Amino acid sequence: MKRKASAVWNGGLKDGNGTISTDSGALKEAAYSFGTRFENGVGTNPEELIAAAHAGCFSMALSGQLGAAAMTAESIRTAATVTMEKLDAGWTITAVHLDVTAKIPNGDRGKFETAAANAKTGCPVSRLLNAAITMDARLE
């Protein structure tokens, strides 16, 4: 399986701008720039897209892990926060924090915590990132 996305950049680093698109059309020429990446400009940036991908990947992985533990979530809400720091080697994603709340009627806390830990280490985006991944997981 292969998935594709593309980016176009015009101009210099600080005064230029670009667009990001996905083959599925979910993103079509979404604007990004130095301002949206390193300041508070309007638009997206690669790190925000990584956070979205990680939140989505983790939520699906948790659903699968819960199913293996004979539980079904009514809802799983995941927010991913990507931390990027300027290191000696340059700007680097150093951490991702997952904030997860799952609503599982009659859920078993121990099985939930095991499922969440397995999903955190097992989702493909978690395995891709070379960063510390932390998590707060709550069962409603």
# chains A, B, ... in the order shown; residues from 1 in each chain; ligands from 1
>>> residues_around(residues="segment 90-96 of chain A", least_positions_apart="3", cutoff="10 Å", atoms="only C-alpha atoms", output="ChimeraX atom specification")
/A:47,50-51,54,80-87,99,126,129-135
>>> residues_around(residues="Tyr32 of chain A", least_positions_apart="6", cutoff="7 Å", atoms="only C-alpha atoms", output="VMD selection string")
chain A and resid 17 to 19 43 to 45
>>> write_last_selection(atoms="C-alpha atoms", output="compact mmCIF listing (two decimals), in the first residue's frame")
# COMPACT_ATOMS: atom_id res chain seq x y z
CA ASN A 17 4.88 30.24 0.49
CA GLY A 18 3.59 26.92 -0.63
CA THR A 19 0.73 24.48 -0.80
CA GLY A 43 -2.52 28.03 7.36
CA THR A 44 -1.08 24.62 8.09
CA ASN A 45 2.43 23.23 8.48
>>> closest_residue(among="A:Ala52, A:Ala61, A:Leu128, A:Cys123", to="Ala73 of chain A", atoms="only C-alpha atoms")
A:Ala61
>>> closest_residue(among="A:Gly56, A:Asp136, A:Lys14, A:Lys120", to="Thr36 of chain A", atoms="only C-alpha atoms")
A:Lys14
>>> atom_distance(atom1="atom CA of Ser33 of chain A", atom2="atom CA of Ala5 of chain A")
17.0 Å
>>> closest_residue(among="A:Thr72, A:Thr101, A:Asn106, A:Ser59", to="Gly122 of chain A", atoms="only C-alpha atoms")
A:Ser59
>>> select_by_dssp(residues="chain A", states="strand (DSSP E)", output="ChimeraX atom specification")
/A:5-10,17-22,30-33,75-87,90-103,132-139
>>> closest_residue(among="A:Pro46, A:Phe34, A:Gly41, A:Met60", to="Gly12 of chain A", atoms="only C-alpha atoms")
A:Phe34
